[in-house]
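Chemist: Have a look at this one.
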Amino acid sequence: MSDKRKLTTAFGIPVGDDQNSMTAGSRGPVLMQDAHLLEKLSHFDRERIPERVVHAKGAGAGGYFEVTSDVTKFTKAKFLSEVGKRTEVFVRFSTVGGEKGSADAARDPRGFAVKFYTEDGNYDMVGNNTPVFFIRDPLKFPDFIHTQKRHPATNCPEPNMFWDFLSLTPESIHQVTILFSDRGTPATYRHMNGYSSHTFKWYNEKGKYFWVQYHFKTDQGIKNLTREEAARISGEDPNHATRDLYDAIERSEYPRWTLKMQIMTPEQAKDYRFDIFDITKVWPHSDFPLIEVGRMVLNRNPKNYFAEVEQAAFSPGNMVPGIAASPDKMLQARIFSYHDTHIHRLGPNYHLLPVNSPKAAAENSYQRDGFMRVDENGGAGPNYWPNSVGGPAPDPDSLEPPFEVSGQAARQAYTHPNDDFVQAGNLYRDVMTDEDREHLVGNIVSHLSGAQKRIQLRQVALFYKADTDYGQRVSRGLGLDVKEVENLAAMSQEDRAKATAQGA
Ligand code: NDP
């Protein structure tokens with residue numbers, strides 16, 4: 001029985017005095033036998049858990065997802081099986097590169113992770129507010145993230161590292177163009193879209209499958225900060241987006257998103273003009289229009305930030321029957337890495353933490369033991385399969401239908417004829433307004449001006465390859481010789497790298 005008015009130790013023992021340590025005499029040293037003091041200090045010493053290596057700064061809220069259109073011909077996922085069906089969700093938004101204390105207004109992609117507590121277990125859609133990514137092979141990921149963090153010697157973020165890597169990685173140009181538009185500094189978490197970025201597979205009751213991409217479109221409308229506004233807000237209130245989300249929900253102004261899908265048949269994918277698993281590309285809306293699926297509403301603030309938001313653990317590998325992975329190489333690696341990092345951060349039983357445990361399904365696995373096993377640990381039930389004592393049995397109905405793969409095992413690049421510059425150019429020319437372009441160029445110049453000239457030249461050549469006007473304007477903004485940029489843009493990536501190497 002807990003009596004909330006009485007202070008106790010963590011083990012429920014009444015505490016008589018919480019102001020004075022036990023000492024030998026009124027001025028004497030503290031006694032080892034003050035177990036309450038020792039417990040209090042040692043717990044305090046361990047209050048911090050490892051910070052997420054990416055997406056460390058975040059905010060979260062609970063709510064629901066409601067189906068608004070019949071999509072049963074595309075997927076047998078139970079939570080999508082009926083118009084009007086509601087599923088509880090928990091969502092975490094974040095910045096990517098900064099530490100837990102960094103500013104919400106930083107120029108950075110934003111994480112957009114949704115946990116659906118479905119009757120088939122928890123489904124995690126772990127996306128971003130951008131439809132593409134910087135790189136398409138996971139072998140590059142740790143290097144890429146290092147360049148967005150602190151310099152090994154100065155311990156400061158370093159424009160040379162940042163732009164050296166990106167300018168040597170032309171596949172990043174599309175995401176760099178989005179990041180340096182004002183969408184790189186969303187006004188709040190409520191005023192941005194979320195995208196799966198990856199292609200996923202949906203399959204229906206008959207085993208027929210489709211390739212899909214998720215778009216959570218904000219019902220609040222897109223709102224962004226200018227570079228100047230973001231700099232001011234970062235200084236004045238580094239937690240502005242965290243506070244905004246919390247306060248809006250407290251005011252009962254529940255943020256909402258409409259989930260729309262792009263859906264492609266395997267036949268369409270086969271002959272499509274680029275590789276639909278390449279995460280640096282979007283699927284043009286004119287070829288694959290958005291199909292509305294449902295709405296997501298966030299109407300519940302966490303009661304305790306650490307319990308729910310800090311301990312929330314999302315993994316792209318958590319997919320329910322009706323949804324499966326695509327061959328996207330980045331997705332394949334994330335399926336490993338997210339679960340792995342949560343085990344490091346929270347321990348092997350992180351699935352038992354309330355925010356992570358299934359709410360509409362039971363956990364019936366044969367996994368046992370490990371640090372912090374806080375449930376009954378399977379009790380006296382069997383801890384092996386197969387068994388003949390009535391333990392939980394696999395259900396073949398939940399299997400993904402088999403699919404064909406073939407080819408040689410080797411380290412291989414994406415084989416489709418890729419052009420890394422086409423979609424970045426389309427975005428610059430056809431989607432952005434004059435004001436968007438002006439802000440984009442200004443945002444790039446302000447950041448890239450901190451890098452060495454040879455790196456600036458190499459990067460601006462990539463902007464030039466996306467669109468000549470784009471390259472020329474950034475060149476002029478940096479005071480570079482446009483002719484020199486044009487020459488570099490005409491070279492192969494290897495020759496450009498050689499021509500702009502240190503000491504070249
Ligand atoms: P559309 O004209 O049909 O779509 C353009 C999209 O661009 C809209 O979804 C719009 O989002 C979004 N957008 C507007 N301004 C920006 C910006 N500054 N940064 C990023 N996105 C922005 O064209 P396409 O489908 O043919 O795509 C053209 C280009 O638009 C792509 O190369 C890509 O860069 C960008 N884009 C495309 C998306 C897709 O899935 N096809 C998704 C997002 C961007 P909103 O509706 O929220 O205003």
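By convention here, the chains of the structure tokens are called A, B, ... in the order presented, each chain's residues are numbered starting at 1, and ligands are numbered starting at 1 in the order presented.
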List every residue of chain A that has an atom at most 6 Å from any atom of ligand 1, and for each one report the closest atom pair and its distance in Å to one decimal, counting only C-alpha atoms and all ligand atoms, with rows sorted by chain and then by increasing residue number, as JSON lines.
Modeler:
{"residue": "A:Pro131", "atom": "CA", "partner": "ligand 1", "partner_atom_place_in_ligand_line": "42 (C)", "distance": 5.5}
{"residue": "A:Ile178", "atom": "CA", "partner": "ligand 1", "partner_atom_place_in_ligand_line": "19 (N)", "distance": 4.5}
{"residue": "A:Ser181", "atom": "CA", "partner": "ligand 1", "partner_atom_place_in_ligand_line": "18 (N)", "distance": 5.2}
{"residue": "A:Arg183", "atom": "CA", "partner": "ligand 1", "partner_atom_place_in_ligand_line": "18 (N)", "distance": 5.6}
{"residue": "A:Val282", "atom": "CA", "partner": "ligand 1", "partner_atom_place_in_ligand_line": "40 (O)", "distance": 4.9}
{"residue": "A:Trp283", "atom": "CA", "partner": "ligand 1", "partner_atom_place_in_ligand_line": "41 (N)", "distance": 4.8}
{"residue": "A:Pro284", "atom": "CA", "partner": "ligand 1", "partner_atom_place_in_ligand_line": "25 (O)", "distance": 3.4}
{"residue": "A:His285", "atom": "CA", "partner": "ligand 1", "partner_atom_place_in_ligand_line": "25 (O)", "distance": 3.8}
{"residue": "A:Gln423", "atom": "CA", "partner": "ligand 1", "partner_atom_place_in_ligand_line": "32 (O)", "distance": 3.8}
{"residue": "A:Ala424", "atom": "CA", "partner": "ligand 1", "partner_atom_place_in_ligand_line": "34 (O)", "distance": 5.6}
{"residue": "A:Asn426", "atom": "CA", "partner": "ligand 1", "partner_atom_place_in_ligand_line": "32 (O)", "distance": 5.2}
{"residue": "A:Leu427", "atom": "CA", "partner": "ligand 1", "partner_atom_place_in_ligand_line": "34 (O)", "distance": 4.3}
{"residue": "A:Val431", "atom": "CA", "partner": "ligand 1", "partner_atom_place_in_ligand_line": "14 (C)", "distance": 5.6}
{"residue": "A:Met432", "atom": "CA", "partner": "ligand 1", "partner_atom_place_in_ligand_line": "15 (N)", "distance": 5.6}
Chemist: Output as JSON, numbers by chain all residues of range 267-340 of chain A that backbone DSSP marks as strand (DSSP E).
Modeler: {"A": [291, 292, 293, 294, 295, 296, 297, 298, 299, 300, 323, 324]}
Chemist: Next, write the just-selected residues to a file, as an mmCIF file, in the first residue's frame, keeping all heavy atoms as the atom set.
Modeler:
data_model
loop_
_atom_site.group_PDB
_atom_site.id
_atom_site.type_symbol
_atom_site.label_atom_id
_atom_site.label_comp_id
_atom_site.auth_asym_id
_atom_site.auth_seq_id
_atom_site.Cartn_x
_atom_site.Cartn_y
_atom_site.Cartn_z
ATOM 1 N N ILE A 291 -2.514 9.225 -52.417
ATOM 2 C CA ILE A 291 -3.812 8.602 -52.104
ATOM 3 C C ILE A 291 -4.034 8.749 -50.606
ATOM 4 O O ILE A 291 -3.215 8.284 -49.808
ATOM 5 C CB ILE A 291 -3.777 7.103 -52.486
ATOM 6 C CG1 ILE A 291 -3.571 6.963 -53.997
ATOM 7 C CG2 ILE A 291 -5.054 6.387 -52.029
ATOM 8 C CD1 ILE A 291 -3.277 5.545 -54.445
ATOM 9 N N GLU A 292 -5.146 9.374 -50.224
ATOM 10 C CA GLU A 292 -5.381 9.590 -48.790
ATOM 11 C C GLU A 292 -5.705 8.283 -48.076
ATOM 12 O O GLU A 292 -6.413 7.427 -48.601
ATOM 13 C CB GLU A 292 -6.533 10.578 -48.587
ATOM 14 C CG GLU A 292 -6.729 10.871 -47.120
ATOM 15 C CD GLU A 292 -7.748 11.959 -46.824
ATOM 16 O OE1 GLU A 292 -7.829 12.923 -47.610
ATOM 17 O OE2 GLU A 292 -8.440 11.811 -45.807
ATOM 18 N N VAL A 293 -5.168 8.119 -46.882
ATOM 19 C CA VAL A 293 -5.363 6.894 -46.107
ATOM 20 C C VAL A 293 -6.003 7.188 -44.747
ATOM 21 O O VAL A 293 -6.873 6.459 -44.284
ATOM 22 C CB VAL A 293 -4.004 6.180 -45.887
ATOM 23 C CG1 VAL A 293 -4.147 4.991 -44.954
ATOM 24 C CG2 VAL A 293 -3.427 5.740 -47.218
ATOM 25 N N GLY A 294 -5.548 8.250 -44.096
ATOM 26 C CA GLY A 294 -6.077 8.485 -42.754
ATOM 27 C C GLY A 294 -5.573 9.782 -42.170
ATOM 28 O O GLY A 294 -4.902 10.567 -42.850
ATOM 29 N N ARG A 295 -5.908 9.983 -40.895
ATOM 30 C CA ARG A 295 -5.430 11.196 -40.228
ATOM 31 C C ARG A 295 -4.815 10.822 -38.881
ATOM 32 O O ARG A 295 -5.235 9.850 -38.242
ATOM 33 C CB ARG A 295 -6.555 12.198 -40.068
ATOM 34 C CG ARG A 295 -7.481 11.977 -38.886
ATOM 35 C CD ARG A 295 -8.396 13.180 -38.708
ATOM 36 N NE ARG A 295 -9.314 13.280 -39.843
ATOM 37 C CZ ARG A 295 -10.545 12.742 -39.842
ATOM 38 N NH1 ARG A 295 -10.989 12.096 -38.797
ATOM 39 N NH2 ARG A 295 -11.319 12.850 -40.899
ATOM 40 N N MET A 296 -3.844 11.613 -38.489
ATOM 41 C CA MET A 296 -3.192 11.392 -37.195
ATOM 42 C C MET A 296 -3.395 12.648 -36.356
ATOM 43 O O MET A 296 -3.165 13.769 -36.840
ATOM 44 C CB MET A 296 -1.708 11.142 -37.416
ATOM 45 C CG MET A 296 -0.959 10.825 -36.142
ATOM 46 S SD MET A 296 0.696 10.288 -36.500
ATOM 47 C CE MET A 296 1.518 11.853 -36.769
ATOM 48 N N VAL A 297 -3.820 12.453 -35.121
ATOM 49 C CA VAL A 297 -4.095 13.576 -34.226
ATOM 50 C C VAL A 297 -3.283 13.368 -32.954
ATOM 51 O O VAL A 297 -3.291 12.266 -32.380
ATOM 52 C CB VAL A 297 -5.608 13.632 -33.868
ATOM 53 C CG1 VAL A 297 -5.893 14.793 -32.906
ATOM 54 C CG2 VAL A 297 -6.462 13.753 -35.127
ATOM 55 N N LEU A 298 -2.582 14.393 -32.500
ATOM 56 C CA LEU A 298 -1.835 14.294 -31.236
ATOM 57 C C LEU A 298 -2.592 15.075 -30.170
ATOM 58 O O LEU A 298 -2.725 16.302 -30.274
ATOM 59 C CB LEU A 298 -0.412 14.830 -31.411
ATOM 60 C CG LEU A 298 0.427 14.056 -32.424
ATOM 61 C CD1 LEU A 298 1.845 14.609 -32.485
ATOM 62 C CD2 LEU A 298 0.456 12.561 -32.095
ATOM 63 N N ASN A 299 -3.109 14.364 -29.177
ATOM 64 C CA ASN A 299 -3.973 15.023 -28.185
ATOM 65 C C ASN A 299 -3.582 14.701 -26.748
ATOM 66 O O ASN A 299 -4.353 14.937 -25.829
ATOM 67 C CB ASN A 299 -5.445 14.626 -28.411
ATOM 68 C CG ASN A 299 -5.650 13.117 -28.310
ATOM 69 O OD1 ASN A 299 -4.720 12.386 -27.965
ATOM 70 N ND2 ASN A 299 -6.854 12.659 -28.587
ATOM 71 N N ARG A 300 -2.373 14.158 -26.568
ATOM 72 C CA ARG A 300 -1.984 13.798 -25.189
ATOM 73 C C ARG A 300 -0.520 14.140 -24.964
ATOM 74 O O ARG A 300 0.359 13.633 -25.684
ATOM 75 C CB ARG A 300 -2.198 12.294 -24.968
ATOM 76 C CG ARG A 300 -1.940 11.856 -23.526
ATOM 77 C CD ARG A 300 -2.146 10.351 -23.372
ATOM 78 N NE ARG A 300 -1.111 9.550 -24.044
ATOM 79 C CZ ARG A 300 0.123 9.375 -23.601
ATOM 80 N NH1 ARG A 300 0.516 9.938 -22.478
ATOM 81 N NH2 ARG A 300 0.981 8.638 -24.289
ATOM 82 N N ILE A 323 2.794 -5.208 -44.081
ATOM 83 C CA ILE A 323 3.830 -4.202 -44.358
ATOM 84 C C ILE A 323 5.193 -4.892 -44.275
ATOM 85 O O ILE A 323 5.415 -5.696 -43.355
ATOM 86 C CB ILE A 323 3.767 -3.048 -43.330
ATOM 87 C CG1 ILE A 323 2.373 -2.406 -43.343
ATOM 88 C CG2 ILE A 323 4.849 -2.011 -43.596
ATOM 89 C CD1 ILE A 323 2.149 -1.351 -42.278
ATOM 90 N N ALA A 324 6.069 -4.611 -45.231
ATOM 91 C CA ALA A 324 7.385 -5.262 -45.213
ATOM 92 C C ALA A 324 8.434 -4.313 -45.775
ATOM 93 O O ALA A 324 8.112 -3.230 -46.279
ATOM 94 C CB ALA A 324 7.333 -6.550 -46.034
#
Chemist: Can I get the residues of range 218-263 of chain A within 12 Å of range 198-204 of chain A, each with the closest pair of atoms and their distance in Å to one decimal, using only C-alpha atoms, sorted chain first then ascending number, as a Markdown table?
Modeler:
| residue | atom | partner | partner_atom | distance |
| --- | --- | --- | --- | --- |
| A:Met261 | CA | A:Thr199 | CA | 10.6 |
| A:Gln262 | CA | A:Thr199 | CA | 9.4 |
| A:Ile263 | CA | A:Trp202 | CA | 8.9 |
Chemist: Just asking: which residues within range 81-293 of chain A are alpha helix (DSSP H) according to DSSP, as a PyMOL selection string?
Modeler: chain A and resi 141-148+159-167+173-179+227-236+240-250+266-270
Chemist: Find, counting only C-alpha atoms, the residue in A:Ile135, A:Met372, A:Ala325, A:Ala501 that gets nearest to Ala413 in chain A.
Modeler: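 Smallest separation from Ala413 in chain A among the options: A:Ile135.
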Chemist: Kindly indicate which residue among A:Asp469, A:Glu88, A:Thr68, A:Gly28 lies nearest to Ala360 in chain A, using only C-alpha atoms for the distances.
Modeler: A:Glu88
Chemist: So which one's closest to Thr130 in chain A, A:Tyr366, A:Phe44, A:Phe112, A:Phe421? Using only C-alpha atoms, please.
Modeler: A:Phe112
Chemist: Residues near range 6-14 of chain A, anyone? I mean within 12 Å using only C-alpha atoms, not counting same-chain ones fewer than 3 positions away, as a tab-separated table (two decimals) with N, CA and C atoms, in the first residue's frame.
Modeler:
chain	number	residue	atom	x	y	z
A	1	MET	N	0.86	-1.21	0.00
A	1	MET	CA	0.00	0.00	0.00
A	1	MET	C	0.88	1.24	0.00
A	2	SER	N	0.66	2.12	-0.95
A	2	SER	CA	1.52	3.32	-0.91
A	2	SER	C	0.77	4.47	-0.26
A	3	ASP	N	1.48	5.12	0.68
A	3	ASP	CA	0.92	6.33	1.28
A	3	ASP	C	1.72	7.47	0.70
A	17	ASP	N	14.27	12.12	7.88
A	17	ASP	CA	14.84	13.46	7.71
A	17	ASP	C	15.52	13.49	6.35
A	18	ASP	N	15.11	14.43	5.50
A	18	ASP	CA	15.69	14.50	4.16
A	18	ASP	C	16.48	15.80	3.98
A	34	ASP	N	24.71	6.06	6.56
A	34	ASP	CA	23.54	6.83	6.10
A	34	ASP	C	23.10	6.28	4.74
A	35	ALA	N	22.41	5.13	4.78
A	35	ALA	CA	22.03	4.43	3.55
A	35	ALA	C	21.11	5.30	2.68
A	36	HIS	N	20.30	6.12	3.28
A	36	HIS	CA	19.41	6.99	2.50
A	36	HIS	C	20.22	7.98	1.66
A	37	LEU	N	21.25	8.58	2.28
A	37	LEU	CA	22.12	9.50	1.53
A	37	LEU	C	22.85	8.76	0.41
A	38	LEU	N	23.40	7.57	0.74
A	38	LEU	CA	24.16	6.81	-0.27
A	38	LEU	C	23.26	6.44	-1.45
A	39	GLU	N	22.05	5.99	-1.14
A	39	GLU	CA	21.13	5.59	-2.22
A	39	GLU	C	20.78	6.80	-3.09
A	40	LYS	N	20.54	7.92	-2.40
A	40	LYS	CA	20.14	9.12	-3.14
A	40	LYS	C	21.26	9.60	-4.09
A	41	LEU	N	22.50	9.59	-3.57
A	41	LEU	CA	23.62	10.04	-4.39
A	41	LEU	C	23.92	9.07	-5.52
A	42	SER	N	23.91	7.77	-5.21
A	42	SER	CA	24.29	6.84	-6.29
A	42	SER	C	23.24	6.78	-7.38
A	43	HIS	N	21.97	6.97	-7.02
A	43	HIS	CA	20.96	7.02	-8.08
A	43	HIS	C	21.15	8.29	-8.92
Chemist: Of the candidates A:Ser21, A:Lys206, A:Asp219, A:Met330, which one gets nearest to Phe134 in chain A if we count only C-alpha atoms?
Modeler: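 So, comparing all the options, the nearest one is A:Met330.
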Chemist: Using only C-alpha atoms, which of A:Lys270, A:Arg107, A:His174, A:His191 sits nearest Lys465 in chain A?
Modeler: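 Among the listed residues, A:His174 lies closest to Lys465 in chain A.
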Chemist: Looking at only C-alpha atoms, which of A:Arg48, A:Lys498, A:Lys329, A:Lys4 is the one that sits closest to Gln412 in chain A?
Modeler: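 Under the stated criterion, the closest residue is A:Lys329.
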Chemist: What lies within 8 Å of Ala466 in chain A using only C-alpha atoms, ignoring chain neighbours under 3 positions off, as number ranges by chain?
Modeler: A: 173, 421-425, 462-463, 470-471
Chemist: Could I get the residues of range 140-250 of chain A with an atom no further than 10 Å from an atom of range 89-100 of chain A, each paired with its nearest atom pair and that distance in Å to one decimal, using only C-alpha atoms, sorted by chain and residue number, as a Markdown table?
Modeler:
| residue | atom | partner | partner_atom | distance |
| --- | --- | --- | --- | --- |
| A:Ile145 | CA | A:Gly97 | CA | 7.2 |
| A:His146 | CA | A:Gly97 | CA | 9.1 |
| A:Thr147 | CA | A:Gly97 | CA | 9.5 |
| A:Gln148 | CA | A:Gly97 | CA | 6.0 |
| A:Lys149 | CA | A:Gly97 | CA | 6.2 |
| A:Arg150 | CA | A:Gly98 | CA | 9.4 |
| A:Pro157 | CA | A:Gly98 | CA | 9.7 |
| A:Tyr189 | CA | A:Phe93 | CA | 6.7 |
| A:Arg190 | CA | A:Phe93 | CA | 9.5 |
| A:Gly194 | CA | A:Phe93 | CA | 9.6 |
| A:Ala241 | CA | A:Phe93 | CA | 9.5 |
| A:Thr242 | CA | A:Phe93 | CA | 8.8 |
| A:Leu245 | CA | A:Phe93 | CA | 9.8 |
Chemist: Could you turn the residues from that selection into a file that holds N, CA and C atoms, as a PDB file, in the first residue's frame?
Modeler:
ATOM      1  N   ILE A 145      27.620  11.210 -40.526  1.00  0.00           N
ATOM      2  CA  ILE A 145      27.208  11.804 -39.245  1.00  0.00           C
ATOM      3  C   ILE A 145      28.400  12.472 -38.549  1.00  0.00           C
ATOM      4  N   HIS A 146      29.573  11.851 -38.630  1.00  0.00           N
ATOM      5  CA  HIS A 146      30.755  12.502 -38.032  1.00  0.00           C
ATOM      6  C   HIS A 146      30.939  13.916 -38.584  1.00  0.00           C
ATOM      7  N   THR A 147      30.664  14.086 -39.891  1.00  0.00           N
ATOM      8  CA  THR A 147      30.910  15.406 -40.492  1.00  0.00           C
ATOM      9  C   THR A 147      29.902  16.453 -40.021  1.00  0.00           C
ATOM     10  N   GLN A 148      28.780  15.980 -39.451  1.00  0.00           N
ATOM     11  CA  GLN A 148      27.748  16.920 -38.965  1.00  0.00           C
ATOM     12  C   GLN A 148      27.960  17.218 -37.474  1.00  0.00           C
ATOM     13  N   LYS A 149      28.886  16.495 -36.851  1.00  0.00           N
ATOM     14  CA  LYS A 149      29.121  16.662 -35.409  1.00  0.00           C
ATOM     15  C   LYS A 149      30.311  17.593 -35.184  1.00  0.00           C
ATOM     16  N   ARG A 150      31.016  17.370 -34.076  1.00  0.00           N
ATOM     17  CA  ARG A 150      32.094  18.283 -33.693  1.00  0.00           C
ATOM     18  C   ARG A 150      33.454  17.811 -34.227  1.00  0.00           C
ATOM     19  N   PRO A 157      31.480  22.460 -34.324  1.00  0.00           N
ATOM     20  CA  PRO A 157      31.014  22.075 -35.670  1.00  0.00           C
ATOM     21  C   PRO A 157      31.894  22.775 -36.693  1.00  0.00           C
ATOM     22  N   TYR A 189       7.440  21.886 -34.803  1.00  0.00           N
ATOM     23  CA  TYR A 189       7.212  20.498 -35.229  1.00  0.00           C
ATOM     24  C   TYR A 189       5.818  20.328 -35.821  1.00  0.00           C
ATOM     25  N   ARG A 190       4.879  21.229 -35.452  1.00  0.00           N
ATOM     26  CA  ARG A 190       3.509  21.092 -35.951  1.00  0.00           C
ATOM     27  C   ARG A 190       3.395  21.530 -37.409  1.00  0.00           C
ATOM     28  N   GLY A 194       5.802  14.850 -42.604  1.00  0.00           N
ATOM     29  CA  GLY A 194       6.666  13.697 -42.311  1.00  0.00           C
ATOM     30  C   GLY A 194       6.638  12.757 -43.506  1.00  0.00           C
ATOM     31  N   ALA A 241      10.437  24.676 -30.123  1.00  0.00           N
ATOM     32  CA  ALA A 241       9.528  23.723 -30.793  1.00  0.00           C
ATOM     33  C   ALA A 241       8.997  22.685 -29.801  1.00  0.00           C
ATOM     34  N   THR A 242       9.836  22.344 -28.818  1.00  0.00           N
ATOM     35  CA  THR A 242       9.411  21.420 -27.758  1.00  0.00           C
ATOM     36  C   THR A 242       8.263  22.072 -26.976  1.00  0.00           C
ATOM     37  N   LEU A 245       4.916  22.433 -29.048  1.00  0.00           N
ATOM     38  CA  LEU A 245       4.111  21.203 -29.157  1.00  0.00           C
ATOM     39  C   LEU A 245       3.342  20.967 -27.862  1.00  0.00           C
TER      40      LEU A 245
END
Chemist: Could you name the residues that touch Asp124 in chain A at 12 Å or less, counting only C-alpha atoms, but leaving out those on the same chain fewer than 2 positions away, as a PyMOL selection string?
Modeler: chain A and resi 89-92+112-118+121-122+126-127+196+312-320+323-324+335+338-339+356+358
Chemist: Export N, CA and C atoms of the chosen residues as a CSV table (one decimal), in the first residue's frame?
Modeler:
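Written out: out_6.csv:
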chain,number,residue,atom,x,y,z
A,89,VAL,N,-1.3,6.0,-31.0
A,89,VAL,CA,0.0,6.3,-31.5
A,89,VAL,C,0.8,7.0,-30.5
A,90,PHE,N,2.2,6.9,-30.5
A,90,PHE,CA,3.1,7.8,-29.8
A,90,PHE,C,4.1,8.3,-30.9
A,91,VAL,N,4.3,9.7,-30.9
A,91,VAL,CA,5.1,10.3,-31.9
A,91,VAL,C,6.3,11.0,-31.3
A,92,ARG,N,7.4,10.9,-31.9
A,92,ARG,CA,8.6,11.7,-31.4
A,92,ARG,C,9.2,12.5,-32.6
A,112,PHE,N,10.8,12.2,-37.6
A,112,PHE,CA,9.3,12.1,-37.5
A,112,PHE,C,9.0,10.7,-37.3
A,113,ALA,N,8.9,10.2,-36.1
A,113,ALA,CA,8.8,8.8,-35.8
A,113,ALA,C,7.5,8.5,-35.2
A,114,VAL,N,6.7,7.6,-35.7
A,114,VAL,CA,5.4,7.2,-35.3
A,114,VAL,C,5.3,5.8,-34.8
A,115,LYS,N,4.9,5.6,-33.6
A,115,LYS,CA,4.7,4.2,-33.1
A,115,LYS,C,3.2,3.9,-33.1
A,116,PHE,N,2.7,3.0,-33.9
A,116,PHE,CA,1.3,2.6,-33.9
A,116,PHE,C,1.1,1.4,-33.0
A,117,TYR,N,0.3,1.5,-32.0
A,117,TYR,CA,0.1,0.3,-31.1
A,117,TYR,C,-1.0,-0.5,-31.7
A,118,THR,N,-0.7,-1.4,-32.6
A,118,THR,CA,-1.7,-2.2,-33.3
A,118,THR,C,-2.0,-3.5,-32.7
A,121,GLY,N,0.8,-6.0,-32.8
A,121,GLY,CA,2.0,-5.5,-32.3
A,121,GLY,C,2.4,-4.1,-32.7
A,122,ASN,N,3.5,-3.6,-32.3
A,122,ASN,CA,3.8,-2.2,-32.5
A,122,ASN,C,4.4,-2.1,-33.9
A,126,VAL,N,9.5,5.2,-39.0
A,126,VAL,CA,10.6,6.1,-38.5
A,126,VAL,C,11.1,6.9,-39.6
A,127,GLY,N,10.4,8.1,-39.8
A,127,GLY,CA,10.7,8.9,-41.0
A,127,GLY,C,11.4,10.2,-40.6
A,196,SER,N,8.1,8.8,-45.1
A,196,SER,CA,8.9,7.6,-44.8
A,196,SER,C,10.2,7.7,-45.5
A,312,ALA,N,11.5,6.4,-25.3
A,312,ALA,CA,10.8,5.9,-26.5
A,312,ALA,C,11.8,5.3,-27.4
A,313,ALA,N,11.6,4.2,-28.0
A,313,ALA,CA,12.6,3.6,-28.9
A,313,ALA,C,11.8,3.1,-30.1
A,314,PHE,N,12.2,3.7,-31.3
A,314,PHE,CA,11.5,3.3,-32.5
A,314,PHE,C,12.5,2.5,-33.4
A,315,SER,N,11.9,1.5,-34.1
A,315,SER,CA,12.8,0.8,-35.0
A,315,SER,C,12.1,0.4,-36.3
A,316,PRO,N,12.8,0.8,-37.4
A,316,PRO,CA,12.1,0.5,-38.7
A,316,PRO,C,11.9,-1.0,-38.9
A,317,GLY,N,12.5,-1.8,-38.1
A,317,GLY,CA,12.3,-3.3,-38.3
A,317,GLY,C,11.0,-3.7,-37.7
A,318,ASN,N,10.3,-2.9,-36.9
A,318,ASN,CA,9.0,-3.2,-36.3
A,318,ASN,C,7.9,-3.0,-37.4
A,319,MET,N,7.7,-4.0,-38.2
A,319,MET,CA,6.6,-4.0,-39.2
A,319,MET,C,5.6,-5.1,-38.9
A,320,VAL,N,4.4,-4.8,-39.1
A,320,VAL,CA,3.3,-5.7,-38.9
A,320,VAL,C,2.9,-6.4,-40.1
A,323,ILE,N,2.8,-5.2,-44.1
A,323,ILE,CA,3.8,-4.2,-44.4
A,323,ILE,C,5.2,-4.9,-44.3
A,324,ALA,N,6.1,-4.6,-45.2
A,324,ALA,CA,7.4,-5.3,-45.2
A,324,ALA,C,8.4,-4.3,-45.8
A,335,ILE,N,17.3,-1.3,-40.2
A,335,ILE,CA,16.5,-2.3,-39.5
A,335,ILE,C,17.5,-3.0,-38.4
A,338,TYR,N,18.9,0.5,-35.5
A,338,TYR,CA,18.0,1.1,-34.5
A,338,TYR,C,17.8,0.2,-33.3
A,339,HIS,N,17.5,-1.0,-33.6
A,339,HIS,CA,17.3,-2.0,-32.5
A,339,HIS,C,18.6,-2.1,-31.7
A,356,ASN,N,7.3,1.5,-24.9
A,356,ASN,CA,7.7,0.7,-26.0
A,356,ASN,C,6.9,-0.7,-26.1
A,358,PRO,N,3.9,-3.4,-26.4
A,358,PRO,CA,2.7,-3.4,-27.1
A,358,PRO,C,1.5,-3.1,-26.2
Chemist: Please indicate the distance in Å from CA of Gly347 in chain A to CA of Arg373 in chain A, rounded to one decimal place.
Modeler: 9.6 Å
Chemist: Just the residues within 12 Å of His344 in chain A, please, counting only C-alpha atoms, with nothing from its chain fewer than 2 positions along; format it as a PyMOL selection string.
Modeler: chain A and resi 49-53+313+337-342+346-350+371
Chemist: Write out as an NGL selection string which residues come within 10 Å of Thr23 in chain A when counting only C-alpha atoms, dropping same-chain ones fewer than 6 positions away.
Modeler: :A and (29-34)
